[in-house]
Each structure stands twice: as C-alpha cells, then as structure tokens.
file upload.cif (mmCIF, C-alpha atoms and all ligand atoms)
data_input
loop_
_atom_site.label_atom_id
_atom_site.label_comp_id
_atom_site.auth_asym_id
_atom_site.auth_seq_id
_atom_site.Cartn_x
_atom_site.Cartn_y
_atom_site.Cartn_z
CA MET A 1 118.52 111.44 100.35
CA GLN A 2 118.73 108.52 97.98
CA VAL A 3 117.05 109.17 94.62
CA ILE A 4 116.42 106.09 92.47
CA ILE A 5 115.11 106.39 88.93
CA PHE A 6 113.64 103.28 87.30
CA ASP A 7 112.74 102.69 83.64
CA ASN A 8 109.03 102.24 84.36
CA ALA A 9 106.36 102.53 87.05
CA ASP A 10 106.18 98.74 87.66
CA ASP A 11 109.87 98.60 88.62
CA VAL A 12 109.30 101.57 90.97
CA GLY A 13 106.58 99.62 92.80
CA GLU A 14 108.59 96.40 92.80
CA TYR A 15 111.66 98.02 94.34
CA ALA A 16 109.64 99.79 97.04
CA ALA A 17 107.67 96.62 97.84
CA ASP A 18 110.93 94.66 98.14
CA MET A 19 112.26 97.21 100.59
CA ILE A 20 109.12 96.96 102.74
CA SER A 21 108.82 93.19 102.54
CA ARG A 22 112.47 92.73 103.54
CA GLY A 23 112.12 95.20 106.43
CA VAL A 24 109.01 93.43 107.70
CA GLU A 25 110.63 89.98 107.44
CA LEU A 26 113.70 91.19 109.33
CA GLY A 27 111.52 92.73 112.05
CA GLU A 28 112.83 96.21 111.22
CA ILE A 29 109.40 97.46 110.15
CA LYS A 30 106.84 96.84 112.86
CA VAL A 31 104.89 100.06 112.25
CA LEU A 32 104.22 101.10 108.66
CA GLY A 33 102.96 104.52 107.62
CA ILE A 34 100.63 104.17 104.65
CA ALA A 35 99.53 106.63 101.97
CA THR A 36 96.40 106.48 99.85
CA GLY A 37 95.90 107.72 96.26
CA SER A 38 97.36 106.43 93.01
CA SER A 39 101.10 106.68 93.73
CA PRO A 40 101.50 103.82 96.26
CA GLN A 41 99.20 101.46 94.36
CA PRO A 42 102.08 99.66 92.54
CA ILE A 43 103.72 99.10 95.94
CA TYR A 44 100.60 97.49 97.37
CA ASN A 45 100.10 95.42 94.19
CA SER A 46 103.66 94.09 94.36
CA LEU A 47 103.41 93.47 98.10
CA VAL A 48 100.29 91.34 97.57
CA LYS A 49 102.27 89.11 95.16
CA LYS A 50 105.14 88.73 97.64
CA ARG A 51 102.91 87.16 100.29
CA THR A 52 104.81 88.28 103.39
CA PRO A 53 103.05 86.52 106.29
CA GLN A 54 104.67 88.80 108.89
CA LEU A 55 102.55 91.67 107.49
CA GLY A 56 99.70 90.22 109.57
CA SER A 57 101.37 91.29 112.79
CA ILE A 58 102.51 94.85 111.97
CA SER A 59 100.65 98.05 112.84
CA ALA A 60 99.82 100.65 110.21
CA PHE A 61 98.92 104.34 110.37
CA ALA A 62 97.36 106.23 107.46
CA LEU A 63 98.56 109.75 106.72
CA ASP A 64 95.21 111.43 106.43
CA GLU A 65 91.43 111.32 106.17
CA TYR A 66 88.72 113.60 104.84
CA VAL A 67 86.60 115.44 107.38
CA GLY A 68 82.86 114.99 107.08
CA LEU A 69 82.69 111.77 105.05
CA PRO A 70 81.13 108.82 106.90
CA TYR A 71 83.40 105.75 107.14
CA SER A 72 80.92 103.96 104.90
CA HIS A 73 81.55 106.39 102.00
CA PRO A 74 83.64 104.46 99.43
CA GLU A 75 86.12 107.35 99.14
CA SER A 76 86.63 107.89 102.85
CA TYR A 77 90.20 106.83 103.59
CA HIS A 78 88.81 104.38 106.16
CA ALA A 79 87.10 102.60 103.26
CA VAL A 80 90.01 103.06 100.81
CA VAL A 81 92.59 101.71 103.28
CA GLN A 82 90.39 98.71 104.08
CA ARG A 83 89.77 97.99 100.36
CA GLU A 84 93.25 98.68 98.94
CA VAL A 85 95.63 97.94 101.81
CA THR A 86 94.29 96.09 104.87
CA GLY A 87 92.36 93.42 102.97
CA PRO A 88 94.75 92.71 100.06
CA LEU A 89 97.91 92.75 102.24
CA GLY A 90 96.38 90.69 105.03
CA LEU A 91 96.96 93.32 107.72
CA ASP A 92 95.20 92.88 111.06
CA PRO A 93 92.29 95.41 110.93
CA SER A 94 92.58 96.03 114.67
CA ARG A 95 96.13 97.32 114.13
CA VAL A 96 95.31 99.61 111.19
CA HIS A 97 94.68 103.22 112.15
CA VAL A 98 93.16 106.06 110.12
CA PRO A 99 92.52 109.55 111.55
CA ASP A 100 88.93 109.97 112.69
CA GLY A 101 87.53 112.52 110.24
CA ALA A 102 84.00 111.79 111.48
CA ALA A 103 84.82 112.66 115.10
CA GLN A 104 82.63 115.15 116.98
CA ASP A 105 85.77 116.50 118.64
CA ILE A 106 88.35 116.85 115.86
CA VAL A 107 91.00 118.47 118.03
CA ARG A 108 90.86 115.57 120.42
CA ALA A 109 90.86 113.02 117.58
CA CYS A 110 94.08 114.60 116.26
CA ALA A 111 95.74 114.48 119.68
CA ASP A 112 94.61 110.85 120.10
CA TYR A 113 96.16 109.97 116.74
CA GLU A 114 99.52 111.42 117.75
CA ARG A 115 99.30 109.52 121.04
CA ASP A 116 98.49 106.24 119.26
CA ILE A 117 101.50 106.61 116.92
CA ALA A 118 103.77 107.25 119.89
CA ALA A 119 102.26 104.34 121.85
CA ALA A 120 102.99 102.00 118.92
CA GLY A 121 106.66 103.03 119.13
CA GLY A 122 106.64 105.50 116.24
CA ILE A 123 106.58 104.82 112.52
CA ASP A 124 109.44 102.67 111.20
CA LEU A 125 108.82 103.38 107.53
CA GLN A 126 106.47 106.01 106.13
CA ILE A 127 105.27 105.66 102.55
CA LEU A 128 104.57 109.03 100.92
CA GLY A 129 103.10 110.20 97.63
CA ILE A 130 103.45 113.84 96.62
CA GLY A 131 100.85 116.30 95.37
CA ALA A 132 101.50 118.48 92.31
CA SER A 133 101.77 121.38 94.78
CA GLY A 134 104.48 119.57 96.74
CA HIS A 135 102.18 118.51 99.55
CA ILE A 136 102.92 115.37 101.57
CA GLY A 137 100.07 113.97 103.59
CA PHE A 138 97.63 116.83 103.11
CA ASN A 139 100.12 119.42 104.31
CA GLU A 140 99.41 122.04 101.70
CA PRO A 141 101.89 124.82 100.80
CA THR A 142 102.65 127.16 103.73
CA SER A 143 101.93 124.41 106.29
CA SER A 144 104.05 124.85 109.38
CA LEU A 145 107.21 122.82 109.00
CA ALA A 146 106.75 121.81 112.67
CA SER A 147 103.04 120.93 112.37
CA ARG A 148 101.42 117.98 114.11
CA THR A 149 98.27 116.03 113.21
CA ARG A 150 95.50 118.59 112.73
CA ILE A 151 92.59 119.73 110.58
CA LYS A 152 93.59 121.41 107.31
CA THR A 153 91.76 123.11 104.47
CA LEU A 154 92.45 121.51 101.09
CA THR A 155 93.51 123.78 98.23
CA ASP A 156 91.26 124.06 95.18
CA ALA A 157 94.03 122.35 93.18
CA THR A 158 94.07 119.30 95.48
CA ARG A 159 90.28 119.09 95.43
CA ALA A 160 90.35 119.26 91.62
CA ASP A 161 93.04 116.52 91.49
CA ASN A 162 91.02 114.27 93.78
CA ALA A 163 87.73 114.92 91.97
CA ARG A 164 88.56 111.86 89.83
CA PHE A 165 87.54 109.68 92.79
CA PHE A 166 84.15 111.41 93.18
CA ASP A 167 81.22 112.19 90.88
CA SER A 168 82.12 115.88 90.86
CA VAL A 169 84.58 118.31 92.46
CA ASP A 170 81.74 119.65 94.63
CA GLU A 171 81.63 116.30 96.41
CA VAL A 172 85.32 116.44 97.42
CA PRO A 173 85.45 117.46 101.08
CA ARG A 174 86.99 120.85 101.86
CA HIS A 175 88.77 119.72 105.01
CA CYS A 176 90.90 116.84 106.13
CA ILE A 177 92.85 115.58 109.10
CA THR A 178 96.49 115.03 108.23
CA GLN A 179 99.61 113.99 110.07
CA GLY A 180 101.70 117.14 110.37
CA LEU A 181 105.08 117.72 108.76
CA GLY A 182 106.65 117.44 112.22
CA THR A 183 104.85 114.11 112.69
CA ILE A 184 106.02 112.76 109.33
CA MET A 185 109.60 113.83 110.02
CA GLU A 186 109.64 111.62 113.14
CA ALA A 187 109.28 108.46 111.02
CA LYS A 188 112.56 106.54 111.17
CA ASN A 189 112.64 105.98 107.40
CA ILE A 190 110.73 107.63 104.59
CA LEU A 191 109.93 106.21 101.17
CA LEU A 192 108.55 108.74 98.69
CA ILE A 193 107.14 107.39 95.45
CA ALA A 194 106.16 109.41 92.38
CA GLN A 195 105.27 108.58 88.81
CA GLY A 196 104.29 110.64 85.78
CA LYS A 197 105.00 114.04 84.27
CA GLY A 198 102.43 115.72 86.52
CA LYS A 199 104.75 115.18 89.50
CA ALA A 200 107.99 116.28 87.79
CA HIS A 201 107.93 119.90 88.96
CA ALA A 202 107.03 119.05 92.57
CA ILE A 203 109.75 116.38 92.67
CA ALA A 204 112.39 118.78 91.34
CA GLN A 205 111.35 121.42 93.88
CA ALA A 206 111.31 118.88 96.73
CA ILE A 207 114.73 117.38 95.97
CA GLU A 208 116.71 120.22 94.40
CA GLY A 209 114.79 123.36 95.34
CA PRO A 210 115.15 125.49 98.44
CA LEU A 211 113.73 124.28 101.74
CA THR A 212 110.45 126.18 101.90
CA SER A 213 106.94 125.69 103.22
CA MET A 214 105.77 126.62 99.70
CA CYS A 215 106.91 123.09 98.79
CA PRO A 216 106.24 121.09 101.98
CA ALA A 217 108.05 118.01 100.62
CA SER A 218 111.29 120.03 100.52
CA LEU A 219 111.40 119.54 104.30
CA LEU A 220 112.44 115.94 103.57
CA GLN A 221 115.90 117.37 102.76
CA MET A 222 116.28 117.62 106.56
CA HIS A 223 115.51 113.92 107.16
CA PRO A 224 118.51 111.57 107.38
CA ARG A 225 116.88 108.48 105.83
CA VAL A 226 114.77 109.25 102.79
CA THR A 227 114.52 107.09 99.67
CA VAL A 228 112.77 108.58 96.64
CA VAL A 229 111.73 106.16 93.89
CA LEU A 230 110.71 107.65 90.55
CA ASP A 231 109.82 106.73 87.03
CA PRO A 232 111.57 108.68 84.21
CA GLU A 233 108.65 111.13 83.78
CA ALA A 234 108.57 112.10 87.46
CA ALA A 235 112.38 112.49 87.31
CA SER A 236 112.32 114.52 84.10
CA GLU A 237 112.91 117.95 85.70
CA LEU A 238 115.76 116.86 87.97
CA ARG A 239 118.97 118.65 87.03
CA LEU A 240 121.16 115.94 88.57
CA ALA A 241 119.23 112.92 87.21
CA ASP A 242 122.35 111.42 85.58
CA TYR A 243 124.25 111.76 88.84
CA TYR A 244 121.47 109.98 90.81
CA ARG A 245 121.51 107.14 88.25
CA ARG A 246 125.28 106.80 88.57
CA VAL A 247 125.14 106.95 92.38
CA PHE A 248 122.67 104.06 92.39
CA GLU A 249 124.61 101.96 89.87
CA ASP A 250 127.95 102.49 91.69
CA ARG A 251 126.55 102.39 95.22
CA PRO A 252 129.10 101.26 97.79
CA THR A 253 128.07 98.21 99.86
CA GLU A 254 128.08 100.42 102.99
CA GLN A 255 125.09 102.37 101.59
C1 LIG A 301 97.40 110.46 100.39
C2 LIG A 301 98.21 111.65 100.60
C3 LIG A 301 98.56 112.59 99.51
C4 LIG A 301 98.82 111.90 98.17
C5 LIG A 301 99.08 112.94 97.09
C6 LIG A 301 99.33 112.30 95.74
O1 LIG A 301 97.22 109.74 101.59
O2 LIG A 301 98.61 111.87 101.70
O3 LIG A 301 99.68 113.34 99.86
O4 LIG A 301 99.94 111.05 98.31
O5 LIG A 301 97.99 113.80 97.00
O6 LIG A 301 98.17 111.63 95.34
P1 LIG A 301 98.21 110.61 94.14
O7 LIG A 301 99.13 109.53 94.55
O8 LIG A 301 96.79 110.12 94.01
O9 LIG A 301 98.70 111.36 92.96
#
call {"tool": "encode", "arguments": {"input": "upload.cif", "output": "structure tokens", "more": "lines below"}}
Ligand code: F6R
result
Amino acid sequence: MQVIIFDNADDVGEYAADMISRGVELGEIKVLGIATGSSPQPIYNSLVKKRTPQLGSISAFALDEYVGLPYSHPESYHAVVQREVTGPLGLDPSRVHVPDGAAQDIVRACADYERDIAAAGGIDLQILGIGASGHIGFNEPTSSLASRTRIKTLTDATRADNARFFDSVDEVPRHCITQGLGTIMEAKNILLIAQGKGKAHAIAQAIEGPLTSMCPASLLQMHPRVTVVLDPEAASELRLADYYRRVFEDRPTEQ
C-alpha cells in the first residue's frame, strides 16, 4: 500500500487526477470505478481542468446507489453521477453504469451489475472514499469480506452523515445497493482518497489497524495495488506518517 500525504486537499485531488488522466491517456484505464460524496470531488474538479479527450471512450461503474429513490431525485446516485461526473468529465452516458436501486427485482439487478462489470473486462482503477465507520462503498462494519454487489442496510451513523444532502435525516434512504468488498477487491488498482479530521480514525484503522470486518477498509491491506492519498488532517492519527512521507520523497524509480 502506498500512502501519500499532501499539504492540502487541492494537492490531493490534483495528484489523484493526474494518476487517472495519465492512465486513461496511456490506455491503461479503460474502466473506471467511481465514488460519489465529498471526498472524490477534488479529483473530478481537477480532471475537468485537464481536459482528457480519451475520457469520452472509457466505461465507468459507480460503487453504490440508494434503494427506493427515483432516478429523478437530485440525490439519487444516478442523478449525482450524471451531474458531478458524467457531464463535467465528458463521459459517454451510455457507458456509465450505476446500480439500479429502483429495480423491482433487486437481487437480479445486483447480479446484472456484477455481470456488466465482468463483461466490461473488470475495473482498471477504482476510486474510493471512506466513511467515518471505515466503510468503503456502502459496506458497513461487519460486511462479509467476500461480499458481492447486494442490498445493504445503512447504519444510523451513515444516514446521519449523508443527511447533509437531504432536507432531513428522515429522508435519507435506509437501504442501498453496493458493490461488495469482494467485488471492490477485484479492481486492478485502487485509489482511496480522504480529507479532514473526521476521517483520521477510520484511515488509521484501515491502514495500520488489524484486518477486520469492523473496519471494512482494512481489507485493502490484502490488495496488491492500493494508493491512499490524504491531507494532513486525515493522516493525523497515522503512527507511521513520517515514514510514509519519507517513502514518497525517496521513492525508487522502480516504484
Ligand atoms: C460513495 C461511497 C461512500 C463514500 C463515503 C464517504 O459512493 O461509496 O463509501 O465514499 O461514505 O463519503 P464522503 O466522501 O461524502 O465523506
């Protein structure tokens, strides 16, 4: 796992966007896994400025979607992805996939989503944020470490965190469809981004804590190609922060 700590949130977004833009230009990223929420916003903002025309021909798969919100609801991830990612980045809407939280047959919709990811050749780079509980996607604590795309119940803490996007916490759906931890682990590369003090504990648990389903992001310790980009606040509870800074400054060309 490569842990990179930048001086501010803008540099975090810029570095991550550079990585994606370069991968897309080189043809190494043909399928991008996208996250919603606040964390990846600086990546998308920086990517817009880079104007990478090849983005128009990649496929993208979102991590998750609320169950029970119509696509037309401004906070459904269908709407959020269209507004914050597909449109600004110039992705081809027909190649952008979001789990179908409005499906009549949720079990089938989840199986179809897994099939669509596989049919696209798998995810080349998955962008992840992290919840204060250590969730990735909406895999809440105690999620099976081998889980696949499925319906999950959101914790009260996650619903309270996401209430900022709704008029009240009561409007935040109770269920979601999320890629499973097993699904996420099949991405060829993973890029986890976190900013702010509120993420510091989860980040420390994910990177330096034991591998446990109580912190689902700790499973990333088992993935061979993970890059974590942090601002100083999100890195503030890492015991080996100075080491990670030195590793990055002195990185051998082979890395
Ligand atoms: C979003 C997602 C979640 C968020 C996490 C952090 O698609 O899968 O895991 O990344 O809840 O959310 P923010 O970035 O809003 O703090």
call {"tool": "closest_atom_pairs", "arguments": {"input": "upload.cif", "of": "chain A", "to": "ligand LIG 301 (chain A)", "cutoff": "10 Å", "atoms": "all atoms listed in the file", "output": "JSON lines"}}
result
{"residue": "A:Gly33", "atom": "CA", "partner": "A:LIG301", "partner_atom": "O1", "distance": 9.8}
{"residue": "A:Ile34", "atom": "CA", "partner": "A:LIG301", "partner_atom": "O1", "distance": 7.2}
{"residue": "A:Ala35", "atom": "CA", "partner": "A:LIG301", "partner_atom": "O1", "distance": 3.9}
{"residue": "A:Thr36", "atom": "CA", "partner": "A:LIG301", "partner_atom": "O1", "distance": 3.8}
{"residue": "A:Gly37", "atom": "CA", "partner": "A:LIG301", "partner_atom": "O8", "distance": 3.4}
{"residue": "A:Ser38", "atom": "CA", "partner": "A:LIG301", "partner_atom": "O8", "distance": 3.9}
{"residue": "A:Ser39", "atom": "CA", "partner": "A:LIG301", "partner_atom": "O7", "distance": 3.6}
{"residue": "A:Pro40", "atom": "CA", "partner": "A:LIG301", "partner_atom": "O7", "distance": 6.4}
{"residue": "A:Gln41", "atom": "CA", "partner": "A:LIG301", "partner_atom": "O7", "distance": 8.1}
{"residue": "A:Ala62", "atom": "CA", "partner": "A:LIG301", "partner_atom": "O1", "distance": 6.8}
{"residue": "A:Leu63", "atom": "CA", "partner": "A:LIG301", "partner_atom": "O1", "distance": 5.3}
{"residue": "A:Asp64", "atom": "CA", "partner": "A:LIG301", "partner_atom": "O1", "distance": 5.5}
{"residue": "A:Glu65", "atom": "CA", "partner": "A:LIG301", "partner_atom": "O1", "distance": 7.5}
{"residue": "A:Tyr66", "atom": "CA", "partner": "A:LIG301", "partner_atom": "O1", "distance": 9.9}
{"residue": "A:Tyr77", "atom": "CA", "partner": "A:LIG301", "partner_atom": "O1", "distance": 7.9}
{"residue": "A:Val80", "atom": "CA", "partner": "A:LIG301", "partner_atom": "O1", "distance": 9.9}
{"residue": "A:Val81", "atom": "CA", "partner": "A:LIG301", "partner_atom": "O1", "distance": 9.4}
{"residue": "A:Ile127", "atom": "CA", "partner": "A:LIG301", "partner_atom": "O4", "distance": 8.7}
{"residue": "A:Leu128", "atom": "CA", "partner": "A:LIG301", "partner_atom": "O4", "distance": 5.7}
{"residue": "A:Gly129", "atom": "CA", "partner": "A:LIG301", "partner_atom": "O4", "distance": 3.3}
{"residue": "A:Ile130", "atom": "CA", "partner": "A:LIG301", "partner_atom": "C6", "distance": 4.5}
{"residue": "A:Gly131", "atom": "CA", "partner": "A:LIG301", "partner_atom": "O5", "distance": 4.1}
{"residue": "A:Ala132", "atom": "CA", "partner": "A:LIG301", "partner_atom": "C6", "distance": 7.4}
{"residue": "A:Ser133", "atom": "CA", "partner": "A:LIG301", "partner_atom": "O5", "distance": 8.8}
{"residue": "A:Gly134", "atom": "CA", "partner": "A:LIG301", "partner_atom": "O3", "distance": 8.5}
{"residue": "A:His135", "atom": "CA", "partner": "A:LIG301", "partner_atom": "O3", "distance": 5.8}
{"residue": "A:Ile136", "atom": "CA", "partner": "A:LIG301", "partner_atom": "O3", "distance": 4.2}
{"residue": "A:Gly137", "atom": "CA", "partner": "A:LIG301", "partner_atom": "O2", "distance": 3.2}
{"residue": "A:Phe138", "atom": "CA", "partner": "A:LIG301", "partner_atom": "O3", "distance": 5.2}
{"residue": "A:Asn139", "atom": "CA", "partner": "A:LIG301", "partner_atom": "O3", "distance": 7.5}
{"residue": "A:Glu140", "atom": "CA", "partner": "A:LIG301", "partner_atom": "O3", "distance": 8.9}
{"residue": "A:Thr158", "atom": "CA", "partner": "A:LIG301", "partner_atom": "O5", "distance": 6.9}
{"residue": "A:Arg159", "atom": "CA", "partner": "A:LIG301", "partner_atom": "O5", "distance": 9.5}
{"residue": "A:Asp161", "atom": "CA", "partner": "A:LIG301", "partner_atom": "O9", "distance": 7.8}
{"residue": "A:Asn162", "atom": "CA", "partner": "A:LIG301", "partner_atom": "O8", "distance": 7.1}
{"residue": "A:Arg164", "atom": "CA", "partner": "A:LIG301", "partner_atom": "O8", "distance": 9.4}
{"residue": "A:Phe165", "atom": "CA", "partner": "A:LIG301", "partner_atom": "O8", "distance": 9.3}
{"residue": "A:Thr178", "atom": "CA", "partner": "A:LIG301", "partner_atom": "O2", "distance": 7.6}
{"residue": "A:Gln179", "atom": "CA", "partner": "A:LIG301", "partner_atom": "O2", "distance": 8.7}
{"residue": "A:Leu192", "atom": "CA", "partner": "A:LIG301", "partner_atom": "O4", "distance": 8.9}
{"residue": "A:Ile193", "atom": "CA", "partner": "A:LIG301", "partner_atom": "O7", "distance": 8.3}
{"residue": "A:Ala194", "atom": "CA", "partner": "A:LIG301", "partner_atom": "O7", "distance": 7.4}
{"residue": "A:Gln195", "atom": "CA", "partner": "A:LIG301", "partner_atom": "O9", "distance": 8.3}
{"residue": "A:Gly196", "atom": "CA", "partner": "A:LIG301", "partner_atom": "O9", "distance": 9.1}
{"residue": "A:Gly198", "atom": "CA", "partner": "A:LIG301", "partner_atom": "O9", "distance": 8.6}
{"residue": "A:Lys199", "atom": "CA", "partner": "A:LIG301", "partner_atom": "O9", "distance": 7.9}
{"residue": "A:Ala217", "atom": "CA", "partner": "A:LIG301", "partner_atom": "O3", "distance": 9.6}
call {"tool": "residues_around", "arguments": {"input": "upload.cif", "residues": "Ser144 in chain A", "least_positions_apart": "3", "cutoff": "9 Å", "atoms": "only C-alpha atoms", "output": "MDAnalysis selection string"}}
result
chainID A and resid 139 141 147:148 180:182 213 216
call {"tool": "atom_distance", "arguments": {"input": "upload.cif", "atom1": "CA of Ser59 in chain A", "atom2": "CA of Glu186 in chain A"}}
result
16.3 Å
call {"tool": "residues_around", "arguments": {"input": "upload.cif", "residues": "range 218-224 of chain A", "least_positions_apart": "5", "cutoff": "9 Å", "atoms": "all atoms listed in the file", "output": "list in words"}}
result
Met1, Gly134, Leu145, Leu181, Met185, Glu186, Lys188, Asn189, Ile190, Ile203, Gln205, Ala206, Ile207, Glu208, Gly209, Pro210, Leu211, Thr212 and Ser213 of chain A
call {"tool": "atom_distance", "arguments": {"input": "upload.cif", "atom1": "CA of Pro42 in chain A", "atom2": "CA of Arg239 in chain A"}}
result
26.0 Å
call {"tool": "closest_residue", "arguments": {"input": "upload.cif", "among": "A:Gln2, A:Thr155, A:Thr86, A:Ser143", "to": "Leu47 in chain A", "atoms": "all atoms listed in the file"}}
result
A:Thr86
call {"tool": "closest_residue", "arguments": {"input": "upload.cif", "among": "A:Leu32, A:Met214, A:Leu230, A:Ala204", "to": "Thr142 in chain A", "atoms": "all atoms listed in the file"}}
result
A:Met214
call {"tool": "residues_near_point", "arguments": {"input": "upload.cif", "point": "(95.7, 112.6, 113.5)", "cutoff": "12 Å", "atoms": "all atoms listed in the file", "output": "ChimeraX atom specification"}}
result
/A:61-67,97-103,105-118,137-138,147-152,176-181,183-184
call {"tool": "atom_distance", "arguments": {"input": "upload.cif", "atom1": "CA of Val31 in chain A", "atom2": "CA of Gln255 in chain A"}}
result
23.0 Å
call {"tool": "closest_residue", "arguments": {"input": "upload.cif", "among": "A:Pro93, A:Phe6, A:Ser236, A:Ala17", "to": "Phe248 in chain A", "atoms": "all atoms listed in the file"}}
result
A:Phe6
call {"tool": "axis_aligned_box", "arguments": {"input": "upload.cif", "around": "range 11-30 of chain A", "padding_each_side": "4 Å", "output": "lines of an AutoDock Vina configuration file"}}
result
center_x = 110.1
center_y = 95.8
center_z = 100.7
size_x = 15.1
size_y = 19.6
size_z = 32.2
call {"tool": "closest_residue", "arguments": {"input": "upload.cif", "among": "A:Asp11, A:Lys49, A:Pro252, A:Pro74", "to": "Pro88 in chain A", "atoms": "only C-alpha atoms"}}
result
A:Lys49
call {"tool": "residues_around", "arguments": {"input": "upload.cif", "residues": "Gly23 in chain A", "least_positions_apart": "2", "cutoff": "12 Å", "atoms": "all atoms listed in the file", "output": "list in words"}}
result
Ala16, Ala17, Asp18, Met19, Ile20, Ser21, Glu25, Leu26, Gly27, Glu28, Ile29, Lys30, Val31, Leu32, Thr52, Gln54, Leu55, Ile58, Asp124, Leu125 and Asn189 of chain A
call {"tool": "closest_residue", "arguments": {"input": "upload.cif", "among": "A:Tyr243, A:Glu75, A:Arg22, A:Asp10", "to": "Ser46 in chain A", "atoms": "all atoms listed in the file"}}
result
A:Asp10
call {"tool": "build_atoms", "arguments": {"input": "upload.cif", "residues": "range 50-75 of chain A", "atoms": "N, CA and C atoms", "output": "mmCIF file, keeping the file's coordinate frame"}}
result
data_model
loop_
_atom_site.group_PDB
_atom_site.id
_atom_site.type_symbol
_atom_site.label_atom_id
_atom_site.label_comp_id
_atom_site.auth_asym_id
_atom_site.auth_seq_id
_atom_site.Cartn_x
_atom_site.Cartn_y
_atom_site.Cartn_z
ATOM 1 N N LYS A 50 104.018 89.274 96.849
ATOM 2 C CA LYS A 50 105.140 88.730 97.640
ATOM 3 C C LYS A 50 104.706 87.846 98.794
ATOM 4 N N ARG A 51 103.437 87.992 99.186
ATOM 5 C CA ARG A 51 102.910 87.160 100.290
ATOM 6 C C ARG A 51 103.882 87.127 101.469
ATOM 7 N N THR A 52 103.923 88.200 102.223
ATOM 8 C CA THR A 52 104.810 88.280 103.390
ATOM 9 C C THR A 52 103.964 88.044 104.627
ATOM 10 N N PRO A 53 103.994 86.830 105.203
ATOM 11 C CA PRO A 53 103.050 86.520 106.290
ATOM 12 C C PRO A 53 103.199 87.440 107.490
ATOM 13 N N GLN A 54 104.444 87.932 107.722
ATOM 14 C CA GLN A 54 104.670 88.800 108.890
ATOM 15 C C GLN A 54 103.876 90.105 108.800
ATOM 16 N N LEU A 55 103.359 90.446 107.610
ATOM 17 C CA LEU A 55 102.550 91.670 107.490
ATOM 18 C C LEU A 55 101.334 91.609 108.419
ATOM 19 N N GLY A 56 100.885 90.389 108.724
ATOM 20 C CA GLY A 56 99.700 90.220 109.570
ATOM 21 C C GLY A 56 99.909 90.681 111.000
ATOM 22 N N SER A 57 101.170 90.881 111.389
ATOM 23 C CA SER A 57 101.370 91.290 112.790
ATOM 24 C C SER A 57 101.918 92.710 112.930
ATOM 25 N N ILE A 58 102.039 93.469 111.824
ATOM 26 C CA ILE A 58 102.510 94.850 111.970
ATOM 27 C C ILE A 58 101.329 95.786 112.253
ATOM 28 N N SER A 59 101.669 96.999 112.708
ATOM 29 C CA SER A 59 100.650 98.050 112.840
ATOM 30 C C SER A 59 100.818 99.005 111.660
ATOM 31 N N ALA A 60 99.745 99.692 111.321
ATOM 32 C CA ALA A 60 99.820 100.650 110.210
ATOM 33 C C ALA A 60 99.042 101.919 110.589
ATOM 34 N N PHE A 61 99.565 103.046 110.137
ATOM 35 C CA PHE A 61 98.920 104.340 110.370
ATOM 36 C C PHE A 61 98.791 105.065 109.037
ATOM 37 N N ALA A 62 97.562 105.458 108.691
ATOM 38 C CA ALA A 62 97.360 106.230 107.460
ATOM 39 C C ALA A 62 97.783 107.682 107.703
ATOM 40 N N LEU A 63 98.121 108.353 106.617
ATOM 41 C CA LEU A 63 98.560 109.750 106.720
ATOM 42 C C LEU A 63 97.416 110.698 107.001
ATOM 43 N N ASP A 64 96.249 110.397 106.423
ATOM 44 C CA ASP A 64 95.210 111.430 106.430
ATOM 45 C C ASP A 64 93.819 110.850 106.219
ATOM 46 N N GLU A 65 92.833 111.700 106.368
ATOM 47 C CA GLU A 65 91.430 111.320 106.170
ATOM 48 C C GLU A 65 90.636 112.593 105.884
ATOM 49 N N TYR A 66 89.610 112.466 105.069
ATOM 50 C CA TYR A 66 88.720 113.600 104.840
ATOM 51 C C TYR A 66 87.873 113.854 106.088
ATOM 52 N N VAL A 67 87.531 115.093 106.299
ATOM 53 C CA VAL A 67 86.600 115.440 107.380
ATOM 54 C C VAL A 67 85.192 115.521 106.791
ATOM 55 N N GLY A 68 84.270 114.852 107.479
ATOM 56 C CA GLY A 68 82.860 114.990 107.080
ATOM 57 C C GLY A 68 82.344 113.864 106.210
ATOM 58 N N LEU A 69 83.200 112.922 105.798
ATOM 59 C CA LEU A 69 82.690 111.770 105.050
ATOM 60 C C LEU A 69 82.459 110.634 106.051
ATOM 61 N N PRO A 70 81.302 109.977 106.010
ATOM 62 C CA PRO A 70 81.130 108.820 106.900
ATOM 63 C C PRO A 70 82.092 107.704 106.499
ATOM 64 N N TYR A 71 82.482 106.864 107.461
ATOM 65 C CA TYR A 71 83.400 105.750 107.140
ATOM 66 C C TYR A 71 82.856 104.897 105.994
ATOM 67 N N SER A 72 81.522 104.838 105.907
ATOM 68 C CA SER A 72 80.920 103.960 104.900
ATOM 69 C C SER A 72 81.045 104.530 103.483
ATOM 70 N N HIS A 73 81.424 105.822 103.350
ATOM 71 C CA HIS A 73 81.550 106.390 102.000
ATOM 72 C C HIS A 73 82.734 105.700 101.313
ATOM 73 N N PRO A 74 82.551 105.231 100.065
ATOM 74 C CA PRO A 74 83.640 104.460 99.430
ATOM 75 C C PRO A 74 84.934 105.234 99.255
ATOM 76 N N GLU A 75 84.887 106.568 99.286
ATOM 77 C CA GLU A 75 86.120 107.350 99.140
ATOM 78 C C GLU A 75 86.660 107.893 100.452
#
